[in-house]
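Below: target08.pdb (PDB, C-alpha atoms and all ligand atoms)
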MODEL        1
ATOM      1  CA  MET K  12      70.850  95.962  73.395  1.00  0.00           C
ATOM      2  CA  LYS K  13      68.304  93.743  71.697  1.00  0.00           C
ATOM      3  CA  ALA K  14      64.674  93.957  72.710  1.00  0.00           C
ATOM      4  CA  SER K  15      63.552  91.237  75.080  1.00  0.00           C
ATOM      5  CA  SER K  16      61.348  89.560  72.457  1.00  0.00           C
ATOM      6  CA  ASP K  17      64.395  88.981  70.192  1.00  0.00           C
ATOM      7  CA  ASN K  18      66.258  87.161  72.911  1.00  0.00           C
ATOM      8  CA  ALA K  19      63.428  85.333  74.630  1.00  0.00           C
ATOM      9  CA  PRO K  20      64.262  81.637  75.143  1.00  0.00           C
ATOM     10  CA  THR K  21      62.276  79.169  73.115  1.00  0.00           C
ATOM     11  CA  ALA K  22      60.579  76.069  74.504  1.00  0.00           C
ATOM     12  CA  ASN K  23      63.151  73.705  72.948  1.00  0.00           C
ATOM     13  CA  GLU K  24      66.183  75.633  74.082  1.00  0.00           C
ATOM     14  CA  PRO K  25      68.692  73.857  76.340  1.00  0.00           C
ATOM     15  CA  PRO K  26      68.623  75.026  79.965  1.00  0.00           C
ATOM     16  CA  ILE K  27      70.904  77.639  81.470  1.00  0.00           C
ATOM     17  CA  LEU K  28      73.506  75.823  83.552  1.00  0.00           C
ATOM     18  CA  VAL K  29      75.899  77.403  86.040  1.00  0.00           C
ATOM     19  CA  ARG K  30      79.212  75.879  87.092  1.00  0.00           C
ATOM     20  CA  PRO K  31      82.621  77.021  88.371  1.00  0.00           C
ATOM     21  CA  SER K  32      84.701  78.508  85.557  1.00  0.00           C
ATOM     22  CA  ARG K  33      87.587  76.581  84.012  1.00  0.00           C
ATOM     23  CA  ASP K  34      90.785  77.707  82.296  1.00  0.00           C
ATOM     24  CA  THR K  35      89.226  76.678  78.981  1.00  0.00           C
ATOM     25  CA  ASP K  36      86.451  79.274  79.522  1.00  0.00           C
ATOM     26  CA  VAL K  37      88.901  82.180  79.570  1.00  0.00           C
ATOM     27  CA  GLU K  38      88.655  83.147  75.890  1.00  0.00           C
ATOM     28  CA  ALA K  39      84.843  83.144  75.999  1.00  0.00           C
ATOM     29  CA  MET K  40      84.798  85.255  79.175  1.00  0.00           C
ATOM     30  CA  LEU K  41      87.313  87.701  77.712  1.00  0.00           C
ATOM     31  CA  SER K  42      85.299  88.169  74.578  1.00  0.00           C
ATOM     32  CA  ILE K  43      82.167  88.948  76.629  1.00  0.00           C
ATOM     33  CA  TYR K  44      84.130  91.395  78.765  1.00  0.00           C
ATOM     34  CA  ARG K  45      85.948  93.136  75.904  1.00  0.00           C
ATOM     35  CA  ARG K  46      82.703  93.707  74.065  1.00  0.00           C
ATOM     36  CA  HIS K  47      81.179  95.275  77.165  1.00  0.00           C
ATOM     37  CA  ILE K  48      84.204  97.518  77.774  1.00  0.00           C
ATOM     38  CA  ARG K  49      84.404  98.669  74.149  1.00  0.00           C
ATOM     39  CA  ARG K  50      80.833  99.887  74.360  1.00  0.00           C
ATOM     40  CA  GLY K  51      81.608 101.827  77.502  1.00  0.00           C
ATOM     41  CA  ILE K  52      84.641 103.813  76.424  1.00  0.00           C
ATOM     42  CA  GLU K  53      85.096 106.691  74.080  1.00  0.00           C
ATOM     43  CA  ASP K  54      86.344 106.363  70.524  1.00  0.00           C
ATOM     44  CA  GLY K  55      90.052 106.955  70.420  1.00  0.00           C
ATOM     45  CA  VAL K  56      90.727 105.736  73.942  1.00  0.00           C
ATOM     46  CA  ASP K  57      93.807 103.513  74.059  1.00  0.00           C
ATOM     47  CA  GLU K  58      92.650  99.925  74.597  1.00  0.00           C
ATOM     48  CA  SER K  59      96.091  98.607  75.476  1.00  0.00           C
ATOM     49  CA  GLY K  60      94.921  98.280  79.074  1.00  0.00           C
ATOM     50  CA  MET K  61      92.377  95.625  78.078  1.00  0.00           C
ATOM     51  CA  PRO K  62      92.981  92.370  79.955  1.00  0.00           C
ATOM     52  CA  GLY K  63      94.469  89.447  78.055  1.00  0.00           C
ATOM     53  CA  PRO K  64      94.107  85.692  78.604  1.00  0.00           C
ATOM     54  CA  ASP K  65      96.988  85.603  81.081  1.00  0.00           C
ATOM     55  CA  ASP K  66      95.371  88.295  83.235  1.00  0.00           C
ATOM     56  CA  LEU K  67      92.202  86.266  83.490  1.00  0.00           C
ATOM     57  CA  LEU K  68      94.039  82.997  84.111  1.00  0.00           C
ATOM     58  CA  ASP K  69      95.952  84.685  86.933  1.00  0.00           C
ATOM     59  CA  ARG K  70      92.785  86.132  88.385  1.00  0.00           C
ATOM     60  CA  ARG K  71      91.061  82.743  88.300  1.00  0.00           C
ATOM     61  CA  LYS K  72      94.022  81.072  90.001  1.00  0.00           C
ATOM     62  CA  ASN K  73      94.088  83.770  92.621  1.00  0.00           C
ATOM     63  CA  LEU K  74      90.356  83.479  93.260  1.00  0.00           C
ATOM     64  CA  ARG K  75      90.553  79.699  93.436  1.00  0.00           C
ATOM     65  CA  ASN K  76      93.368  79.912  95.952  1.00  0.00           C
ATOM     66  CA  HIS K  77      91.220  82.130  98.118  1.00  0.00           C
ATOM     67  CA  ARG K  78      88.070  80.143  97.405  1.00  0.00           C
ATOM     68  CA  LEU K  79      86.193  83.062  95.912  1.00  0.00           C
ATOM     69  CA  PRO K  80      83.370  81.904  93.628  1.00  0.00           C
ATOM     70  CA  HIS K  81      84.027  82.418  89.903  1.00  0.00           C
ATOM     71  CA  LEU K  82      81.093  81.056  87.888  1.00  0.00           C
ATOM     72  CA  VAL K  83      80.088  80.711  84.256  1.00  0.00           C
ATOM     73  CA  ALA K  84      76.618  80.228  82.776  1.00  0.00           C
ATOM     74  CA  THR K  85      76.304  78.011  79.715  1.00  0.00           C
ATOM     75  CA  ILE K  86      73.563  77.252  77.233  1.00  0.00           C
ATOM     76  CA  GLY K  87      74.127  74.113  75.192  1.00  0.00           C
ATOM     77  CA  GLY K  88      77.783  74.141  76.247  1.00  0.00           C
ATOM     78  CA  GLU K  89      78.420  77.750  75.139  1.00  0.00           C
ATOM     79  CA  VAL K  90      79.605  80.207  77.789  1.00  0.00           C
ATOM     80  CA  VAL K  91      76.993  82.983  77.762  1.00  0.00           C
ATOM     81  CA  GLY K  92      77.880  84.810  80.968  1.00  0.00           C
ATOM     82  CA  TYR K  93      80.061  84.843  84.035  1.00  0.00           C
ATOM     83  CA  ALA K  94      80.146  86.232  87.544  1.00  0.00           C
ATOM     84  CA  TYR K  95      82.770  86.436  90.249  1.00  0.00           C
ATOM     85  CA  ILE K  96      83.724  88.180  93.449  1.00  0.00           C
ATOM     86  CA  VAL K  97      86.833  89.750  94.895  1.00  0.00           C
ATOM     87  CA  LEU K  98      87.354  90.849  98.470  1.00  0.00           C
ATOM     88  CA  PHE K  99      85.940  94.337  99.041  1.00  0.00           C
ATOM     89  CA  ARG K 100      89.185  95.388 100.734  1.00  0.00           C
ATOM     90  CA  LYS K 101      92.336  93.450 101.520  1.00  0.00           C
ATOM     91  CA  ARG K 102      92.590  94.441 105.175  1.00  0.00           C
ATOM     92  CA  PRO K 103      91.525  91.599 107.502  1.00  0.00           C
ATOM     93  CA  ALA K 104      88.629  93.498 109.075  1.00  0.00           C
ATOM     94  CA  TYR K 105      86.851  93.437 105.709  1.00  0.00           C
ATOM     95  CA  ARG K 106      87.201  89.690 105.182  1.00  0.00           C
ATOM     96  CA  PHE K 107      83.438  89.064 105.298  1.00  0.00           C
ATOM     97  CA  THR K 108      82.634  91.591 102.556  1.00  0.00           C
ATOM     98  CA  VAL K 109      82.980  90.987  98.836  1.00  0.00           C
ATOM     99  CA  LYS K 110      82.561  92.962  95.633  1.00  0.00           C
ATOM    100  CA  HIS K 111      81.034  91.252  92.616  1.00  0.00           C
ATOM    101  CA  SER K 112      80.927  91.534  88.834  1.00  0.00           C
ATOM    102  CA  ILE K 113      78.457  89.937  86.438  1.00  0.00           C
ATOM    103  CA  TYR K 114      78.501  89.939  82.632  1.00  0.00           C
ATOM    104  CA  VAL K 115      76.127  88.348  80.155  1.00  0.00           C
ATOM    105  CA  HIS K 116      76.900  87.955  76.445  1.00  0.00           C
ATOM    106  CA  GLN K 117      75.282  90.694  74.402  1.00  0.00           C
ATOM    107  CA  ASP K 118      73.289  88.201  72.297  1.00  0.00           C
ATOM    108  CA  HIS K 119      71.929  86.315  75.308  1.00  0.00           C
ATOM    109  CA  ARG K 120      70.605  89.139  77.448  1.00  0.00           C
ATOM    110  CA  ARG K 121      67.020  89.326  78.740  1.00  0.00           C
ATOM    111  CA  ARG K 122      66.528  85.577  78.759  1.00  0.00           C
ATOM    112  CA  GLY K 123      67.229  84.855  82.415  1.00  0.00           C
ATOM    113  CA  VAL K 124      70.987  84.222  82.333  1.00  0.00           C
ATOM    114  CA  GLY K 125      71.778  87.125  84.668  1.00  0.00           C
ATOM    115  CA  ARG K 126      69.073  86.016  87.095  1.00  0.00           C
ATOM    116  CA  VAL K 127      70.417  82.450  87.319  1.00  0.00           C
ATOM    117  CA  LEU K 128      74.026  83.625  87.663  1.00  0.00           C
ATOM    118  CA  MET K 129      73.180  86.223  90.302  1.00  0.00           C
ATOM    119  CA  GLN K 130      71.219  83.744  92.414  1.00  0.00           C
ATOM    120  CA  GLN K 131      74.001  81.167  92.315  1.00  0.00           C
ATOM    121  CA  LEU K 132      76.639  83.776  93.090  1.00  0.00           C
ATOM    122  CA  ILE K 133      74.674  85.021  96.095  1.00  0.00           C
ATOM    123  CA  ASP K 134      74.097  81.458  97.324  1.00  0.00           C
ATOM    124  CA  ALA K 135      77.774  80.557  96.886  1.00  0.00           C
ATOM    125  CA  CYS K 136      78.905  83.681  98.730  1.00  0.00           C
ATOM    126  CA  ALA K 137      76.493  83.070 101.624  1.00  0.00           C
ATOM    127  CA  ALA K 138      77.563  79.423 101.839  1.00  0.00           C
ATOM    128  CA  ALA K 139      81.210  80.507 101.923  1.00  0.00           C
ATOM    129  CA  GLY K 140      80.525  82.666 104.978  1.00  0.00           C
ATOM    130  CA  TYR K 141      80.526  86.142 103.460  1.00  0.00           C
ATOM    131  CA  ARG K 142      78.066  88.595 105.019  1.00  0.00           C
ATOM    132  CA  GLN K 143      77.906  91.582 102.670  1.00  0.00           C
ATOM    133  CA  ILE K 144      78.125  91.896  98.904  1.00  0.00           C
ATOM    134  CA  ILE K 145      78.774  95.209  97.164  1.00  0.00           C
ATOM    135  CA  GLY K 146      78.509  96.322  93.550  1.00  0.00           C
ATOM    136  CA  TYR K 147      79.464  99.457  91.627  1.00  0.00           C
ATOM    137  CA  ILE K 148      77.138 100.276  88.732  1.00  0.00           C
ATOM    138  CA  ASP K 149      77.222 103.034  86.129  1.00  0.00           C
ATOM    139  CA  ALA K 150      74.303 105.324  86.963  1.00  0.00           C
ATOM    140  CA  ASP K 151      72.960 105.019  83.404  1.00  0.00           C
ATOM    141  CA  ASN K 152      73.125 101.209  83.351  1.00  0.00           C
ATOM    142  CA  ALA K 153      69.380 100.591  83.702  1.00  0.00           C
ATOM    143  CA  SER K 154      69.545  96.807  83.275  1.00  0.00           C
ATOM    144  CA  SER K 155      72.174  96.369  85.957  1.00  0.00           C
ATOM    145  CA  LEU K 156      70.380  98.699  88.369  1.00  0.00           C
ATOM    146  CA  ALA K 157      67.156  96.751  87.760  1.00  0.00           C
ATOM    147  CA  ILE K 158      68.594  93.280  88.327  1.00  0.00           C
ATOM    148  CA  HIS K 159      70.309  94.409  91.519  1.00  0.00           C
ATOM    149  CA  GLU K 160      67.111  95.931  92.821  1.00  0.00           C
ATOM    150  CA  LYS K 161      65.304  92.681  91.975  1.00  0.00           C
ATOM    151  CA  PHE K 162      67.824  90.742  94.058  1.00  0.00           C
ATOM    152  CA  GLY K 163      67.390  92.947  97.109  1.00  0.00           C
ATOM    153  CA  PHE K 164      70.428  95.214  96.775  1.00  0.00           C
ATOM    154  CA  SER K 165      69.972  98.682  98.273  1.00  0.00           C
ATOM    155  CA  ARG K 166      71.460 101.823  96.798  1.00  0.00           C
ATOM    156  CA  VAL K 167      73.911 102.932  99.462  1.00  0.00           C
ATOM    157  CA  GLY K 168      75.996 105.525  97.674  1.00  0.00           C
ATOM    158  CA  LEU K 169      76.467 107.752  94.672  1.00  0.00           C
ATOM    159  CA  LEU K 170      79.932 108.584  93.383  1.00  0.00           C
ATOM    160  CA  PRO K 171      79.438 111.638  91.160  1.00  0.00           C
ATOM    161  CA  GLY K 172      81.552 112.207  88.048  1.00  0.00           C
ATOM    162  CA  VAL K 173      83.977 109.324  88.563  1.00  0.00           C
ATOM    163  CA  ALA K 174      83.897 108.079  84.939  1.00  0.00           C
ATOM    164  CA  HIS K 175      84.272 109.810  81.587  1.00  0.00           C
ATOM    165  CA  ARG K 176      82.699 108.209  78.533  1.00  0.00           C
ATOM    166  CA  HIS K 177      80.965 109.313  75.366  1.00  0.00           C
ATOM    167  CA  GLY K 178      82.146 112.858  76.001  1.00  0.00           C
ATOM    168  CA  ARG K 179      80.678 113.357  79.440  1.00  0.00           C
ATOM    169  CA  TRP K 180      81.253 112.690  83.104  1.00  0.00           C
ATOM    170  CA  ALA K 181      79.228 109.814  84.531  1.00  0.00           C
ATOM    171  CA  ASP K 182      78.201 108.811  88.047  1.00  0.00           C
ATOM    172  CA  THR K 183      78.548 105.437  89.715  1.00  0.00           C
ATOM    173  CA  VAL K 184      75.948 103.939  92.046  1.00  0.00           C
ATOM    174  CA  MET K 185      77.100 101.756  94.916  1.00  0.00           C
ATOM    175  CA  VAL K 186      74.740  98.929  95.896  1.00  0.00           C
ATOM    176  CA  GLN K 187      74.893  96.538  98.818  1.00  0.00           C
ATOM    177  CA  ARG K 188      73.070  93.435 100.050  1.00  0.00           C
ATOM    178  CA  SER K 189      73.358  91.356 103.197  1.00  0.00           C
ATOM    179  CA  LEU K 190      74.180  87.649 102.902  1.00  0.00           C
ATOM    180  CA  ALA K 191      72.802  85.091 105.362  1.00  0.00           C
ATOM    181  CA  ALA K 192      72.639  86.735 108.805  1.00  0.00           C
ATOM    182  CA  GLY K 193      74.408  89.861 107.545  1.00  0.00           C
ATOM    183  CA  SER K 194      75.608  91.995 110.412  1.00  0.00           C
ATOM    184  CA  SER K 195      72.865  90.795 112.802  1.00  0.00           C
ATOM    185  CA  GLU K 196      75.031  87.985 114.202  1.00  0.00           C
ATOM    186  CA  PRO K 197      78.746  87.540 114.839  1.00  0.00           C
ATOM    187  CA  PRO K 198      80.645  85.845 112.006  1.00  0.00           C
ATOM    188  CA  GLN K 199      81.412  82.128 112.035  1.00  0.00           C
ATOM    189  CA  PRO K 200      85.033  81.045 111.811  1.00  0.00           C
ATOM    190  CA  VAL K 201      85.108  79.605 108.271  1.00  0.00           C
ATOM    191  CA  SER K 202      87.769  77.845 106.282  1.00  0.00           C
ATOM    192  CA  ILE K 203      88.002  80.389 103.457  1.00  0.00           C
ATOM    193  CA  PHE K 204      89.868  82.703 105.768  1.00  0.00           C
ATOM    194  CA  SER K 205      92.361  80.149 107.020  1.00  0.00           C
ATOM    195  CA  GLY K 206      95.221  81.806 105.176  1.00  0.00           C
ATOM    196  CA  ARG K 207      95.623  79.469 102.221  1.00  0.00           C
TER
HETATM  197  C1  LIG O   1      72.925  93.444  83.759  1.00  0.00           C
HETATM  198  C2  LIG O   1      72.960  92.067  83.104  1.00  0.00           C
HETATM  199  C3  LIG O   1      73.954  91.192  83.853  1.00  0.00           C
HETATM  200  C4  LIG O   1      71.562  91.442  83.175  1.00  0.00           C
HETATM  201  O1  LIG O   1      71.642  90.125  82.635  1.00  0.00           O
HETATM  202  P1  LIG O   1      70.419  89.478  81.807  1.00  0.00           P
HETATM  203  O2  LIG O   1      70.769  88.062  81.552  1.00  0.00           O
HETATM  204  O3  LIG O   1      70.130  90.304  80.617  1.00  0.00           O
HETATM  205  O4  LIG O   1      69.223  89.604  82.849  1.00  0.00           O
HETATM  206  P2  LIG O   1      67.951  88.664  82.978  1.00  0.00           P
HETATM  207  O5  LIG O   1      67.380  88.346  81.638  1.00  0.00           O
HETATM  208  O6  LIG O   1      68.285  87.502  83.837  1.00  0.00           O
HETATM  209  O7  LIG O   1      66.944  89.626  83.741  1.00  0.00           O
HETATM  210  C5  LIG O   1      66.935  89.701  85.157  1.00  0.00           C
HETATM  211  C6  LIG O   1      66.352  91.030  85.565  1.00  0.00           C
HETATM  212  O8  LIG O   1      67.256  92.078  85.213  1.00  0.00           O
HETATM  213  C7  LIG O   1      66.525  93.233  84.859  1.00  0.00           C
HETATM  214  N1  LIG O   1      66.871  93.594  83.478  1.00  0.00           N
HETATM  215  C8  LIG O   1      67.670  92.915  82.636  1.00  0.00           C
HETATM  216  N2  LIG O   1      67.799  93.568  81.471  1.00  0.00           N
HETATM  217  C9  LIG O   1      67.066  94.687  81.584  1.00  0.00           C
HETATM  218  C10 LIG O   1      66.824  95.798  80.718  1.00  0.00           C
HETATM  219  N3  LIG O   1      67.357  95.859  79.493  1.00  0.00           N
HETATM  220  N4  LIG O   1      66.035  96.808  81.167  1.00  0.00           N
HETATM  221  C11 LIG O   1      65.493  96.761  82.403  1.00  0.00           C
HETATM  222  N5  LIG O   1      65.684  95.717  83.273  1.00  0.00           N
HETATM  223  C12 LIG O   1      66.465  94.721  82.863  1.00  0.00           C
HETATM  224  C13 LIG O   1      65.068  92.892  85.005  1.00  0.00           C
HETATM  225  O9  LIG O   1      64.685  93.242  86.311  1.00  0.00           O
HETATM  226  C14 LIG O   1      65.075  91.398  84.840  1.00  0.00           C
HETATM  227  O10 LIG O   1      64.005  90.763  85.469  1.00  0.00           O
HETATM  228  P3  LIG O   1      62.652  90.461  84.609  1.00  0.00           P
HETATM  229  O11 LIG O   1      63.083  89.704  83.417  1.00  0.00           O
HETATM  230  O12 LIG O   1      61.827  89.672  85.567  1.00  0.00           O
HETATM  231  O13 LIG O   1      62.093  91.800  84.275  1.00  0.00           O
HETATM  232  C15 LIG O   1      73.342  92.179  81.594  1.00  0.00           C
HETATM  233  O14 LIG O   1      72.505  93.122  80.986  1.00  0.00           O
HETATM  234  C16 LIG O   1      74.784  92.574  81.336  1.00  0.00           C
HETATM  235  O15 LIG O   1      75.659  91.716  81.302  1.00  0.00           O
HETATM  236  N6  LIG O   1      75.041  93.877  81.151  1.00  0.00           N
HETATM  237  C17 LIG O   1      76.379  94.347  80.800  1.00  0.00           C
HETATM  238  C18 LIG O   1      77.366  94.148  81.918  1.00  0.00           C
HETATM  239  C19 LIG O   1      76.915  94.838  83.167  1.00  0.00           C
HETATM  240  O16 LIG O   1      76.407  95.941  83.117  1.00  0.00           O
HETATM  241  N7  LIG O   1      77.148  94.166  84.283  1.00  0.00           N
HETATM  242  C20 LIG O   1      76.816  94.671  85.562  1.00  0.00           C
HETATM  243  C21 LIG O   1      77.951  95.487  86.065  1.00  0.00           C
HETATM  244  S1  LIG O   1      77.684  95.851  87.769  1.00  0.00           S
ENDMDL
END

As a first step, turn the structure in this file into structure tokens.
Amino acid sequence: MKASSDNAPTANEPPILVRPSRDTDVEAMLSIYRRHIRRGIEDGVDESGMPGPDDLLDRRKNLRNHRLPHLVATIGGEVVGYAYIVLFRKRPAYRFTVKHSIYVHQDHRRRGVGRVLMQQLIDACAAAGYRQIIGYIDADNASSLAIHEKFGFSRVGLLPGVAHRHGRWADTVMVQRSLAAGSSEPPQPVSIFSGR
């Protein structure tokens, strides 16, 4: 990862904008994702399981149908990051809890893209009526742990030895944050759950 000074935004730089993703963003999102995954797996691991454009198009359609936020961040029109949620579990009792993912392009890290994306994702989830948001983070992913802490996520679990990369077993940290009234008030009947 580049040092923060290399990536720091300049005064003349276009602003970071966040909007719902489009089908035309798929290639850019895939390239961000593939680069991240390649760094996380061991040499020699079969990459045939990597998602392709159709996988992402299907996922976007699915999320749109369920009205789950799927956002991209752009700078000067270039997609530099994305964030989305899926339901934490499919069973109806868990319908107010989501699990999120956030990825920023390697060359655009440490310049505020993650912060803007995370805030908009949280706001969109709260506005949609969700009450809890959960993330799974590699225990050695300092930047992800830091941004989640900054946004008020608590560490609620440790899953020891669930990943194997770079020749060793790695732990996963589970983080969680309340949205809106969290579990302090009963849920509102909202349209996202109306079975579309
Ligand atoms: C984690 C990630 C999304 C952060 O995005 P980013 O655009 O670089 O983050 P920002 O520049 O908006 O920084 C927001 C905060 O994150 C934390 N942070 C980001 N990079 C960091 C780093 N390298 N070291 C420590 N803290 C870091 C800081 O708290 C920072 O706040 P500050 O600038 O006030 O100190 C990005 O590094 C990334 O995409 N990583 C790879 C994918 C990933 O791990 N996703 C999360 C999976 S759960």

Practice problem: List the neighbours of K:Asp66 out to 12 Å using all atoms listed in the file; skip same-chain residues closer than 3 positions along the sequence, and give me the result as number ranges by chain. | Solution: K: 34, 37-38, 40-41, 60-63, 69-73

Quiz prompt | Contacts of K:Ser42 within 12 Å, all atoms listed in the file, excl. fewer than 3 positions in-chain, as a ChimeraX atom specification | solution = /K:36-39,45-49,61-64,67,90-93,114-117

Edge lengths and centre in Å to one decimal, as lines of an AutoDock Vina configuration file, is what I'm after for the box along x, y and z that holds all listed atoms of ligand LIG 1 (chain O) once 5 Å is added on each side.
center_x = 69.9
center_y = 92.2
center_z = 83.6
size_x = 26.1
size_y = 19.3
size_z = 18.3

Give the residues close to ligand LIG 1 (chain O), within 8 Å, counting all atoms listed in the file; write them as a CSV table (one decimal) with C-alpha atoms, keeping the file's coordinate frame.
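Writing the result to result_36.csv gives the following:
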chain,number,residue,atom,x,y,z
K,12,MET,CA,70.8,96.0,73.4
K,14,ALA,CA,64.7,94.0,72.7
K,15,SER,CA,63.6,91.2,75.1
K,44,TYR,CA,84.1,91.4,78.8
K,47,HIS,CA,81.2,95.3,77.2
K,92,GLY,CA,77.9,84.8,81.0
K,111,HIS,CA,81.0,91.3,92.6
K,112,SER,CA,80.9,91.5,88.8
K,113,ILE,CA,78.5,89.9,86.4
K,114,TYR,CA,78.5,89.9,82.6
K,115,VAL,CA,76.1,88.3,80.2
K,116,HIS,CA,76.9,88.0,76.4
K,117,GLN,CA,75.3,90.7,74.4
K,119,HIS,CA,71.9,86.3,75.3
K,120,ARG,CA,70.6,89.1,77.4
K,121,ARG,CA,67.0,89.3,78.7
K,122,ARG,CA,66.5,85.6,78.8
K,123,GLY,CA,67.2,84.9,82.4
K,124,VAL,CA,71.0,84.2,82.3
K,125,GLY,CA,71.8,87.1,84.7
K,126,ARG,CA,69.1,86.0,87.1
K,127,VAL,CA,70.4,82.4,87.3
K,128,LEU,CA,74.0,83.6,87.7
K,146,GLY,CA,78.5,96.3,93.6
K,147,TYR,CA,79.5,99.5,91.6
K,148,ILE,CA,77.1,100.3,88.7
K,149,ASP,CA,77.2,103.0,86.1
K,152,ASN,CA,73.1,101.2,83.4
K,153,ALA,CA,69.4,100.6,83.7
K,154,SER,CA,69.5,96.8,83.3
K,155,SER,CA,72.2,96.4,86.0
K,156,LEU,CA,70.4,98.7,88.4
K,157,ALA,CA,67.2,96.8,87.8
K,158,ILE,CA,68.6,93.3,88.3
K,159,HIS,CA,70.3,94.4,91.5
K,160,GLU,CA,67.1,95.9,92.8
K,161,LYS,CA,65.3,92.7,92.0

Exercise. Record the distance separating atom CA of K:His81 and atom CA of K:Thr108, expressed in Å with one decimal.
Key: 15.7 Å

Exercise. Calculate how many Å separate atom CA of K:Pro31 from atom CA of K:Pro80, rounding to one decimal.
Key: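 Distance reported for this atom pair: 7.2 Å.
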
Enumerate, as a PDB file with C-alpha atoms, in the coordinates of the input, the protein, DNA and RNA residues whose atoms approach (78.9, 91.6, 105.5) to within 12 Å, taking into account all atoms listed in the file and the coordinate frame of the file.
ATOM      1  CA  LEU K  98      87.354  90.849  98.470  1.00  0.00           C
ATOM      2  CA  PHE K  99      85.940  94.337  99.041  1.00  0.00           C
ATOM      3  CA  ARG K 100      89.185  95.388 100.734  1.00  0.00           C
ATOM      4  CA  ALA K 104      88.629  93.498 109.075  1.00  0.00           C
ATOM      5  CA  TYR K 105      86.851  93.437 105.709  1.00  0.00           C
ATOM      6  CA  ARG K 106      87.201  89.690 105.182  1.00  0.00           C
ATOM      7  CA  PHE K 107      83.438  89.064 105.298  1.00  0.00           C
ATOM      8  CA  THR K 108      82.634  91.591 102.556  1.00  0.00           C
ATOM      9  CA  VAL K 109      82.980  90.987  98.836  1.00  0.00           C
ATOM     10  CA  LYS K 110      82.561  92.962  95.633  1.00  0.00           C
ATOM     11  CA  CYS K 136      78.905  83.681  98.730  1.00  0.00           C
ATOM     12  CA  ALA K 137      76.493  83.070 101.624  1.00  0.00           C
ATOM     13  CA  ALA K 139      81.210  80.507 101.923  1.00  0.00           C
ATOM     14  CA  GLY K 140      80.525  82.666 104.978  1.00  0.00           C
ATOM     15  CA  TYR K 141      80.526  86.142 103.460  1.00  0.00           C
ATOM     16  CA  ARG K 142      78.066  88.595 105.019  1.00  0.00           C
ATOM     17  CA  GLN K 143      77.906  91.582 102.670  1.00  0.00           C
ATOM     18  CA  ILE K 144      78.125  91.896  98.904  1.00  0.00           C
ATOM     19  CA  ILE K 145      78.774  95.209  97.164  1.00  0.00           C
ATOM     20  CA  GLN K 187      74.893  96.538  98.818  1.00  0.00           C
ATOM     21  CA  ARG K 188      73.070  93.435 100.050  1.00  0.00           C
ATOM     22  CA  SER K 189      73.358  91.356 103.197  1.00  0.00           C
ATOM     23  CA  LEU K 190      74.180  87.649 102.902  1.00  0.00           C
ATOM     24  CA  ALA K 191      72.802  85.091 105.362  1.00  0.00           C
ATOM     25  CA  ALA K 192      72.639  86.735 108.805  1.00  0.00           C
ATOM     26  CA  GLY K 193      74.408  89.861 107.545  1.00  0.00           C
ATOM     27  CA  SER K 194      75.608  91.995 110.412  1.00  0.00           C
ATOM     28  CA  SER K 195      72.865  90.795 112.802  1.00  0.00           C
ATOM     29  CA  GLU K 196      75.031  87.985 114.202  1.00  0.00           C
ATOM     30  CA  PRO K 197      78.746  87.540 114.839  1.00  0.00           C
ATOM     31  CA  PRO K 198      80.645  85.845 112.006  1.00  0.00           C
ATOM     32  CA  GLN K 199      81.412  82.128 112.035  1.00  0.00           C
TER      33      GLN K 199
END

Quiz item: Applied to the shown file, which residues does the PyMOL selection byres (((chain K and resi 26) around 10) and not hetatm) return, written as a PyMOL selection string?
Solution: chain K and resi 20+22-25+27-29+84-88+124

Practice problem: Would you work out the distance separating atom CA of K:Thr21 from atom CA of K:Ala94, expressed in Å to one decimal? | Solution: 24.0 Å

Exercise. Please write as a PyMOL selection string the list of polymer residues whose atoms come within 12 Å of (71.0, 106.3, 98.7), counting only C-alpha atoms and keeping to the coordinates of the file.
Key: chain K and resi 164-170+183-187

Quiz item: Hey, which of K:Ala150, K:Ala138, K:Ile96, K:Phe162 ends up closest to K:Asp182? Count only C-alpha atoms.
Solution: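 Closest to K:Asp182, using only C-alpha atoms: K:Ala150.
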